[in-house]
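Reviewing the structure listed below.
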Amino acid sequence: MLSDFQVTGANKDALFTLKLHRGEGMALIAMNWKKGQPPADFIGFAIEYKEPGGNKFFAVKNRLCFPGPNGEVIPNGNSSRLSPIQKFRWVHFPRTAEKDGTFLYRVTPVFMNDKDELSYGDSQEAALELQRETYPGQLNVAFTRGFVSSQAFVDRYGADSLPTLLPPGADEGLDFKPTFKQADEALAWMGFEARSAIIEVLDQAIADTKAKVFAAVYDLNEPGMVSRFLKLAKRLQILIDDSGTHGKSDSAESTAAERLKKAGADVLRQHMGELQHNKMVVVDGPKAQLAICGSTNHSWRGFFVQNNNAIIMRGKEAVTLFRTAFENYKANADDAGAFGKTGSAVWNKIKLKGIDVQVGFSPRSKKNAVLQPLADDIAGATSSLFFSLAFLYQTPGPVLKAIQKVKKDKKVFSYGISDKLVKGLAGEEETEGIDLQKPDGTVTTVNPAALAGNVPEPFKSEPTGGGGVRMHHKFVVIDFDQPTARIYMGSHNFSSAADTSNGENLLLIKDRRVATSYMVEALRLFDHYHFRVATQEAKDAKRTLQLAKPPRKKGEKAWWEPDYKDIRRIRDRELFA
């Protein structure tokens with residue numbers, strides 16, 4: 001046992017180590033061979049789990065299988081006891097992650113003889129609590145799923161369901177009603193914890209009839225949010241961005257503003273120096289005192305398509321700082337220089353029990369700018385760096401330079417993704433893709449349409465998720481496994497505009513539990529898109545994707561051999577387990 005968010009298996013007879021890391025609605029399961037390398041007949045790990053209060057284990061399934069008798073692809077995934085996981089780590093989403101109590105994981109090494117018969121070694125077990133709130137009653141980290149382009153989405157709802165789930169454009173969003181028969185279930189699955197947690201905050205504000213609500217928003221076209229703002233209208237003050245298309249009279253933001261005004265809300269349109277880019281909600285009442293920040297826009301894409309995160313904090317300290325920032329935005333509308341001189345435009349400590357949290361708001365003055373100090377902190381990583389940053393390569397500056405420096409340092413393990421324009425399916429118009437920084441330091445561009453047609457067996461075509469940004473996170477995790485672990489997150493895009501021109505929120509959290517949550521999120525996104533690189537390569541080579549049997553002929557290699565030869569993959573295997 002390490003802590004309540006990281007636990008280890010204790011079976012001394014098992015040939016491998018097991019370590020579990022708590023994520024938000026997910027768990028990272030990491031394994032490593034104890035002595036030397038595995039034997040040649042080792043073919044992977046079987047992973048099973050028991051729910052809190054349960055009396056039986058469920059096997060995690062693997063979409064990949066061993067070849068059939070004639071080399072054919074087996075179409076349906078099997079239990080990992082029959083089709084073991086050929087990786088040294090796995091991110092698992094329990095179907096009942098919000099249950100109170102511990103989830104018991106059992107991991108077993110699987111072997112195969114020359115007759116293709118399976119056998120099993122000694123197992124490791126470890127139990128981990130995946131409670132809904134990161135720090136109950138104080139702070140909660142929440143993520144959207146961001147998995148519209150995924151095999152899981154296709155299995156559940158079908159590749160052709162998106163037009164009946166999402167509006168054709170942002171400005172149609174306010175009055176769009178999904179016609180998909182499983183719409184409520186699908187949207188809850190897509191929005192994951194971030195959507196439900198944000199809605200719960202507004203519902204608490206509605207229930208606390210004396211609570212006042214203050215919001216600063218960028219995109220505003222999701223009916224569930226707007227309907228709740230309308231219920232709160234006479235107690236609501238809201239700043240709505242009016243930059244670019246948001247300022248047009250027929251935009252969703254302008255329509256929402258008019259509806260809110262008619263309902264009695266205090267509405268102000270602004271864009272600070274360039275954008276009012278906050279995604280901030282503050283509830284200040286006798287019963288409900290909460291503050292929300294992060295990257296999640298109050299929009300269809302923000303909740304249901306993009307990878308986003310939000311942090312919800314409870315208590316007077318957070319509410320006071322966020323409400324003060326709101327008042328400073330309101331008093332200095334579109335005057336970036338004036339706002340930059342306020343007390344909100346510097347780091348302010350939020351007093352939460354046992355959690356080191358600081359918040360600052362943009363636009364900042366040049367004197368208070370944080371971009372270069374933030375870049376210096378990134379460059380000072382000593383163990384690991386994980387990042388998920390929208391627009392990283394579109395906004396060159398000190399942060400990009402710092403990341404490029406770190407990825408050259410072989411002593412620091414780093415993974416990262418950012419969005420990038422790529423050519424469409426037939427090379428026609430550009431669409432949003434993903435830049436994936438692999439452990440070897442190279443950057444690969446992923447086209448989200450890679451599985452949209454002519455896919456390798458046994459996979460199904462996936463929806464592309466439509467035009468626009470898919471990876472919308474703005475977070476960096478530094479040295480998650482060290483006592484100095486820290487995270488930068490918010491609406492802040494780590495650009496000069498975000499620092500000194502836009503209305504933004506940025507948090508600095510020095511806490512290993514929170515750092516682990518963001519690390520697990522970074523890994524699951526990396527694995528999600530790295531898999532698409534593998535499928536694209538398989539498609540280009542006109543081959544299938546299957547599990548590897550043990551080497552039996554001269555020149556054949558075990559599936560795990562690269563994990564013991566490549567220096568970055570060795571570090572990967574050792575870091576998490």
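Labels used: A, B, ... for chains in the order of the structure tokens, numbers from 1 for residues in each chain, and numbers from 1 for ligands as shown.
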Could you find all residues in range 280-353 of chain A that DSSP calls strand (DSSP E or B) from the backbone, and write them as a PyMOL selection string?
-> chain A and resi 280-284+289-294+298+307+309-314+348-352
| message | I'd like the neighbourhood of Ile417 in chain A as a VMD selection string, where a residue qualifies if any of its atoms comes within 8 Å (using only C-alpha atoms), though same-chain residues fewer than 2 positions away should be ignored. | response | chain A and resid 387 to 389 415 419 434 to 437 526
Give one line per residue of range 458-534 of chain A that approaches range 114-137 of chain A to at most 12 Å, naming the two atoms of the closest pair and their distance in Å to one decimal, counting only C-alpha atoms; sort by chain then ascending residue number and deliver it as CSV.
residue,atom,partner,partner_atom,distance
A:Asp511,CA,A:Tyr135,CA,11.0
A:Arg512,CA,A:Thr134,CA,11.3
A:Arg513,CA,A:Thr134,CA,7.8
A:Val514,CA,A:Thr134,CA,7.3
A:Ala515,CA,A:Thr134,CA,10.9
A:Thr516,CA,A:Thr134,CA,10.6
A:Ser517,CA,A:Thr134,CA,8.4
A:Tyr518,CA,A:Thr134,CA,11.3
Next, dump the selected residues to file, keeping only N, CA and C atoms, as a PDB file, in the first residue's frame.
ATOM      1  N   ASP A 511       0.039  18.874  -5.784  1.00  0.00           N
ATOM      2  CA  ASP A 511      -0.633  17.795  -5.070  1.00  0.00           C
ATOM      3  C   ASP A 511      -0.484  16.507  -5.875  1.00  0.00           C
ATOM      4  N   ARG A 512      -0.028  15.426  -5.264  1.00  0.00           N
ATOM      5  CA  ARG A 512       0.236  14.192  -5.990  1.00  0.00           C
ATOM      6  C   ARG A 512      -1.048  13.470  -6.391  1.00  0.00           C
ATOM      7  N   ARG A 513      -2.080  13.573  -5.582  1.00  0.00           N
ATOM      8  CA  ARG A 513      -3.342  12.908  -5.936  1.00  0.00           C
ATOM      9  C   ARG A 513      -3.931  13.534  -7.200  1.00  0.00           C
ATOM     10  N   VAL A 514      -3.964  14.854  -7.247  1.00  0.00           N
ATOM     11  CA  VAL A 514      -4.478  15.545  -8.430  1.00  0.00           C
ATOM     12  C   VAL A 514      -3.550  15.317  -9.623  1.00  0.00           C
ATOM     13  N   ALA A 515      -2.241  15.352  -9.388  1.00  0.00           N
ATOM     14  CA  ALA A 515      -1.280  15.112 -10.465  1.00  0.00           C
ATOM     15  C   ALA A 515      -1.473  13.727 -11.062  1.00  0.00           C
ATOM     16  N   THR A 516      -1.748  12.740 -10.216  1.00  0.00           N
ATOM     17  CA  THR A 516      -1.970  11.382 -10.713  1.00  0.00           C
ATOM     18  C   THR A 516      -3.218  11.313 -11.579  1.00  0.00           C
ATOM     19  N   SER A 517      -4.275  12.028 -11.183  1.00  0.00           N
ATOM     20  CA  SER A 517      -5.498  12.055 -11.994  1.00  0.00           C
ATOM     21  C   SER A 517      -5.216  12.584 -13.399  1.00  0.00           C
ATOM     22  N   TYR A 518      -4.476  13.675 -13.469  1.00  0.00           N
ATOM     23  CA  TYR A 518      -4.173  14.254 -14.780  1.00  0.00           C
ATOM     24  C   TYR A 518      -3.180  13.396 -15.557  1.00  0.00           C
TER      25      TYR A 518
END
Cut-off 9 Å: closest range 167-240 of chain A/range 139-142 of chain A atom pairs per residue, using only C-alpha atoms, as JSON lines:
{"residue": "A:Phe192", "atom": "CA", "partner": "A:Ala142", "partner_atom": "CA", "distance": 8.2}
{"residue": "A:Glu193", "atom": "CA", "partner": "A:Ala142", "partner_atom": "CA", "distance": 5.3}
{"residue": "A:Ala194", "atom": "CA", "partner": "A:Ala142", "partner_atom": "CA", "distance": 4.6}
{"residue": "A:Arg195", "atom": "CA", "partner": "A:Ala142", "partner_atom": "CA", "distance": 8.3}
{"residue": "A:Ala197", "atom": "CA", "partner": "A:Ala142", "partner_atom": "CA", "distance": 7.2}
{"residue": "A:Ile198", "atom": "CA", "partner": "A:Ala142", "partner_atom": "CA", "distance": 8.9}
* To do: For range 401-406 of chain A, work out the shell of residues within 7 Å, counting only C-alpha atoms and skipping chain neighbours fewer than 2 positions away, then give it as a ChimeraX atom specification.
  => /A:375-376,378-379,397-399,408-409,412
Selected residues written out, all heavy atoms, as an mmCIF file, in the first residue's frame:
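This went into selection22.cif:
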data_model
loop_
_atom_site.group_PDB
_atom_site.id
_atom_site.type_symbol
_atom_site.label_atom_id
_atom_site.label_comp_id
_atom_site.auth_asym_id
_atom_site.auth_seq_id
_atom_site.Cartn_x
_atom_site.Cartn_y
_atom_site.Cartn_z
ATOM 1 N N ALA A 375 7.057 28.276 -18.328
ATOM 2 C CA ALA A 375 7.960 27.550 -19.228
ATOM 3 C C ALA A 375 9.221 27.112 -18.491
ATOM 4 O O ALA A 375 9.724 25.999 -18.689
ATOM 5 C CB ALA A 375 8.317 28.421 -20.425
ATOM 6 N N ASP A 376 9.734 27.972 -17.626
ATOM 7 C CA ASP A 376 10.931 27.625 -16.851
ATOM 8 C C ASP A 376 10.652 26.441 -15.930
ATOM 9 O O ASP A 376 11.516 25.575 -15.729
ATOM 10 C CB ASP A 376 11.393 28.827 -16.022
ATOM 11 C CG ASP A 376 11.901 29.978 -16.884
ATOM 12 O OD1 ASP A 376 12.239 29.736 -18.067
ATOM 13 O OD2 ASP A 376 11.949 31.115 -16.379
ATOM 14 N N ILE A 378 8.432 24.048 -16.489
ATOM 15 C CA ILE A 378 8.381 22.870 -17.356
ATOM 16 C C ILE A 378 9.793 22.391 -17.684
ATOM 17 O O ILE A 378 10.106 21.193 -17.591
ATOM 18 C CB ILE A 378 7.608 23.187 -18.658
ATOM 19 C CG1 ILE A 378 6.120 23.391 -18.357
ATOM 20 C CG2 ILE A 378 7.794 22.069 -19.688
ATOM 21 C CD1 ILE A 378 5.313 23.902 -19.533
ATOM 22 N N ALA A 379 10.642 23.328 -18.046
ATOM 23 C CA ALA A 379 12.021 22.980 -18.410
ATOM 24 C C ALA A 379 12.782 22.374 -17.236
ATOM 25 O O ALA A 379 13.777 21.668 -17.432
ATOM 26 C CB ALA A 379 12.752 24.217 -18.923
ATOM 27 N N GLY A 397 6.248 29.806 -28.701
ATOM 28 C CA GLY A 397 6.669 30.698 -27.633
ATOM 29 C C GLY A 397 7.464 29.923 -26.608
ATOM 30 O O GLY A 397 7.932 28.807 -26.863
ATOM 31 N N PRO A 398 7.626 30.449 -25.412
ATOM 32 C CA PRO A 398 8.490 29.827 -24.410
ATOM 33 C C PRO A 398 8.030 28.445 -23.958
ATOM 34 O O PRO A 398 8.859 27.592 -23.650
ATOM 35 C CB PRO A 398 8.471 30.829 -23.250
ATOM 36 C CG PRO A 398 7.289 31.712 -23.477
ATOM 37 C CD PRO A 398 7.104 31.758 -24.945
ATOM 38 N N VAL A 399 6.714 28.195 -23.909
ATOM 39 C CA VAL A 399 6.239 26.887 -23.464
ATOM 40 C C VAL A 399 6.610 25.809 -24.481
ATOM 41 O O VAL A 399 7.088 24.724 -24.123
ATOM 42 C CB VAL A 399 4.722 26.909 -23.208
ATOM 43 C CG1 VAL A 399 4.181 25.496 -22.989
ATOM 44 C CG2 VAL A 399 4.404 27.776 -21.993
ATOM 45 N N LYS A 408 14.146 16.258 -25.366
ATOM 46 C CA LYS A 408 15.512 15.844 -25.732
ATOM 47 C C LYS A 408 16.269 15.261 -24.541
ATOM 48 O O LYS A 408 17.333 14.672 -24.717
ATOM 49 C CB LYS A 408 16.276 17.047 -26.287
ATOM 50 C CG LYS A 408 15.741 17.574 -27.610
ATOM 51 C CD LYS A 408 16.520 18.808 -28.049
ATOM 52 C CE LYS A 408 15.948 19.380 -29.346
ATOM 53 N NZ LYS A 408 16.661 20.625 -29.756
ATOM 54 N N ASP A 409 15.725 15.442 -23.349
ATOM 55 C CA ASP A 409 16.379 14.973 -22.134
ATOM 56 C C ASP A 409 15.983 13.516 -21.881
ATOM 57 O O ASP A 409 14.846 13.222 -21.501
ATOM 58 C CB ASP A 409 15.957 15.844 -20.948
ATOM 59 C CG ASP A 409 16.725 15.528 -19.672
ATOM 60 O OD1 ASP A 409 17.364 14.462 -19.612
ATOM 61 O OD2 ASP A 409 16.675 16.347 -18.740
ATOM 62 N N VAL A 412 14.244 12.423 -18.544
ATOM 63 C CA VAL A 412 12.860 12.828 -18.243
ATOM 64 C C VAL A 412 11.911 12.108 -19.190
ATOM 65 O O VAL A 412 12.047 12.197 -20.409
ATOM 66 C CB VAL A 412 12.683 14.355 -18.370
ATOM 67 C CG1 VAL A 412 11.236 14.741 -18.080
ATOM 68 C CG2 VAL A 412 13.622 15.083 -17.425
#
Extract, using only C-alpha atoms, all DNA, RNA and protein residues at most 7 Å from range 492-501 of chain A, discarding same-chain residues fewer than 6 positions from it, and format them as a PyMOL selection string. chain A and resi 272-274+336+362-366+369-371+390+395+399+474
Atomic separation - CA of Met31 in chain A relative to CA of Gly9 in chain A, Å
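Computing the Euclidean distance for CA of Gly9 in chain A and CA of Met31 in chain A yields 9.8 Å.
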Using only C-alpha atoms, the residue out of A:Phe214, A:Ile47, A:Pro223, A:Pro69 with shortest distance to Thr255 in chain A is A:Pro223
* Which of these, A:His271, A:Lys231, A:Arg486, A:Lys262, has the shortest distance to Val357 in chain A once you count only C-alpha atoms? ->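 Closest candidate: A:Arg486.
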DSSP on the backbone: which residues in range 327-509 of chain A end up as alpha helix (DSSP H)? Give the answer as a CSV table (one decimal) with N, CA, C and O atoms, in the first residue's frame.
chain,number,residue,atom,x,y,z
A,327,GLU,N,-16.0,40.4,-10.5
A,327,GLU,CA,-16.2,41.8,-10.3
A,327,GLU,C,-15.2,42.7,-11.0
A,327,GLU,O,-15.5,43.7,-11.6
A,328,ASN,N,-13.9,42.2,-11.0
A,328,ASN,CA,-12.9,42.9,-11.8
A,328,ASN,C,-13.0,42.9,-13.3
A,328,ASN,O,-12.7,43.9,-14.0
A,329,TYR,N,-13.5,41.7,-13.8
A,329,TYR,CA,-13.8,41.7,-15.2
A,329,TYR,C,-15.0,42.7,-15.5
A,329,TYR,O,-14.9,43.4,-16.5
A,330,LYS,N,-16.0,42.7,-14.7
A,330,LYS,CA,-17.1,43.5,-15.0
A,330,LYS,C,-16.8,45.0,-14.9
A,330,LYS,O,-17.2,45.8,-15.7
A,331,ALA,N,-15.9,45.3,-13.9
A,331,ALA,CA,-15.5,46.8,-13.7
A,331,ALA,C,-14.6,47.3,-14.8
A,331,ALA,O,-14.5,48.5,-15.0
A,336,ALA,N,-7.8,45.4,-21.0
A,336,ALA,CA,-6.9,44.4,-20.5
A,336,ALA,C,-5.9,45.1,-19.5
A,336,ALA,O,-5.5,44.4,-18.5
A,337,GLY,N,-5.4,46.3,-19.9
A,337,GLY,CA,-4.4,46.9,-19.0
A,337,GLY,C,-4.9,47.2,-17.6
A,337,GLY,O,-4.2,47.0,-16.6
A,338,ALA,N,-6.2,47.6,-17.5
A,338,ALA,CA,-6.8,47.9,-16.2
A,338,ALA,C,-6.9,46.6,-15.4
A,338,ALA,O,-6.6,46.6,-14.2
A,339,PHE,N,-7.4,45.6,-16.1
A,339,PHE,CA,-7.6,44.3,-15.3
A,339,PHE,C,-6.3,43.8,-14.8
A,339,PHE,O,-6.2,43.2,-13.7
A,371,LEU,N,3.8,33.3,-18.4
A,371,LEU,CA,4.2,32.4,-19.4
A,371,LEU,C,5.7,31.9,-19.3
A,371,LEU,O,6.0,30.7,-19.4
A,372,GLN,N,6.6,32.9,-19.1
A,372,GLN,CA,8.0,32.5,-19.0
A,372,GLN,C,8.3,31.7,-17.8
A,372,GLN,O,9.0,30.7,-17.8
A,373,PRO,N,7.8,32.2,-16.6
A,373,PRO,CA,8.0,31.4,-15.4
A,373,PRO,C,7.4,30.0,-15.5
A,373,PRO,O,8.0,29.0,-15.0
A,374,LEU,N,6.3,29.8,-16.1
A,374,LEU,CA,5.6,28.5,-16.4
A,374,LEU,C,6.5,27.7,-17.3
A,374,LEU,O,6.8,26.5,-17.0
A,375,ALA,N,7.1,28.3,-18.3
A,375,ALA,CA,8.0,27.5,-19.2
A,375,ALA,C,9.2,27.1,-18.5
A,375,ALA,O,9.7,26.0,-18.7
A,376,ASP,N,9.7,28.0,-17.6
A,376,ASP,CA,10.9,27.6,-16.9
A,376,ASP,C,10.7,26.4,-15.9
A,376,ASP,O,11.5,25.6,-15.7
A,377,ASP,N,9.4,26.4,-15.4
A,377,ASP,CA,9.1,25.3,-14.5
A,377,ASP,C,9.0,24.0,-15.3
A,377,ASP,O,9.5,22.9,-14.8
A,378,ILE,N,8.4,24.0,-16.5
A,378,ILE,CA,8.4,22.9,-17.4
A,378,ILE,C,9.8,22.4,-17.7
A,378,ILE,O,10.1,21.2,-17.6
A,379,ALA,N,10.6,23.3,-18.0
A,379,ALA,CA,12.0,23.0,-18.4
A,379,ALA,C,12.8,22.4,-17.2
A,379,ALA,O,13.8,21.7,-17.4
A,398,PRO,N,7.6,30.4,-25.4
A,398,PRO,CA,8.5,29.8,-24.4
A,398,PRO,C,8.0,28.4,-24.0
A,398,PRO,O,8.9,27.6,-23.6
A,399,VAL,N,6.7,28.2,-23.9
A,399,VAL,CA,6.2,26.9,-23.5
A,399,VAL,C,6.6,25.8,-24.5
A,399,VAL,O,7.1,24.7,-24.1
A,400,LEU,N,6.4,26.1,-25.8
A,400,LEU,CA,6.8,25.1,-26.8
A,400,LEU,C,8.3,24.9,-26.8
A,400,LEU,O,8.7,23.7,-26.8
A,401,LYS,N,9.1,25.9,-26.6
A,401,LYS,CA,10.5,25.7,-26.5
A,401,LYS,C,10.9,24.9,-25.3
A,401,LYS,O,11.8,24.0,-25.4
A,402,ALA,N,10.2,25.1,-24.2
A,402,ALA,CA,10.5,24.3,-23.0
A,402,ALA,C,10.2,22.8,-23.2
A,402,ALA,O,11.0,22.0,-22.8
A,403,ILE,N,9.1,22.6,-23.8
A,403,ILE,CA,8.7,21.2,-24.1
A,403,ILE,C,9.7,20.5,-25.0
A,403,ILE,O,10.0,19.4,-24.8
A,404,GLN,N,10.1,21.3,-26.0
A,404,GLN,CA,11.1,20.7,-27.0
A,404,GLN,C,12.4,20.4,-26.3
A,404,GLN,O,13.1,19.5,-26.6
A,405,LYS,N,12.7,21.2,-25.3
A,405,LYS,CA,14.0,21.0,-24.5
A,405,LYS,C,13.8,19.7,-23.7
A,405,LYS,O,14.7,18.9,-23.7
A,406,VAL,N,12.7,19.6,-23.0
A,406,VAL,CA,12.5,18.4,-22.2
A,406,VAL,C,12.5,17.1,-23.0
A,406,VAL,O,13.0,16.1,-22.5
A,407,LYS,N,11.9,17.1,-24.1
A,407,LYS,CA,11.8,15.9,-24.9
A,407,LYS,C,13.1,15.4,-25.4
A,407,LYS,O,13.3,14.2,-25.7
A,496,SER,N,0.9,33.8,-25.5
A,496,SER,CA,1.0,35.2,-25.1
A,496,SER,C,-0.4,35.9,-25.0
A,496,SER,O,-0.6,36.7,-24.1
A,497,ALA,N,-1.3,35.6,-25.9
A,497,ALA,CA,-2.6,36.2,-25.9
A,497,ALA,C,-3.3,35.8,-24.6
A,497,ALA,O,-4.0,36.6,-24.0
A,498,ALA,N,-3.2,34.5,-24.2
A,498,ALA,CA,-3.8,34.0,-23.0
A,498,ALA,C,-3.2,34.7,-21.8
A,498,ALA,O,-3.9,34.9,-20.8
A,499,ASP,N,-2.0,35.0,-21.8
A,499,ASP,CA,-1.3,35.6,-20.7
A,499,ASP,C,-1.6,37.1,-20.5
A,499,ASP,O,-1.9,37.5,-19.3
A,500,THR,N,-1.6,37.9,-21.5
A,500,THR,CA,-1.7,39.3,-21.3
A,500,THR,C,-2.9,40.0,-22.1
A,500,THR,O,-3.0,41.2,-22.1
*Using only C-alpha atoms, determine which residues lie at most 12 Å from range 169-174 of chain A, disregarding the query and same-chain residues fewer than 4 positions distant; provide the list as a PyMOL selection string.*
chain A and resi 163+165+178+219-227+245-257+259+297-302+466-468
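Close contacts of Met112 in chain A, defined as residues with an atom at most 12 Å away when counting only C-alpha atoms, with chain neighbours fewer than 3 positions off set aside, comprise Pro39, Ala40, Asp41, Phe42, Ile43, Gly44, Phe45, Phe66, Arg81, Leu82, Ser83, Pro84, Pro109, Lys115, Asp116, Glu117, Leu118, Ser119, Tyr120, Gly121, Ala548, Lys549, Pro550, Pro551, Arg552 and Ala558 of chain A.
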Restricting to only C-alpha atoms, whichever of A:Arg571, A:Lys539, A:Lys316, A:His92 is closest to Asp527 in chain A is A:His92
task: Would you kindly return, as a ChimeraX atom specification, each protein, DNA or RNA residue with an atom no farther than 7 Å from any atom of range 380-386 of chain A, considering only C-alpha atoms and excluding same-chain residues fewer than 5 positions away?
output: /A:411-416,476-480,519,522
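When only C-alpha atoms are used to compute distances to His21 in chain A, the closest of the residues A:Val213, A:Leu290, A:Leu523, A:Ala541 turns out to be A:Leu523.
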Between A:Phe304, A:Glu48, A:Ala485, A:Glu574, single out the one closest to Pro167 in chain A, counting only C-alpha atoms.
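Nearest candidate to Pro167 in chain A out of A:Phe304, A:Glu48, A:Ala485, A:Glu574: A:Phe304.
Note that the spacing between CA of Lys34 in chain A and CA of Leu15 in chain A amounts to 5.8 Å.
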Discussion item. I'd like to know which of A:Gln276, A:Ala333, A:Thr464, A:Lys510 is closest to Gly354 in chain A, using only C-alpha atoms.
Written reply: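 Ranked by minimum distance to Gly354 in chain A, first place goes to A:Lys510.
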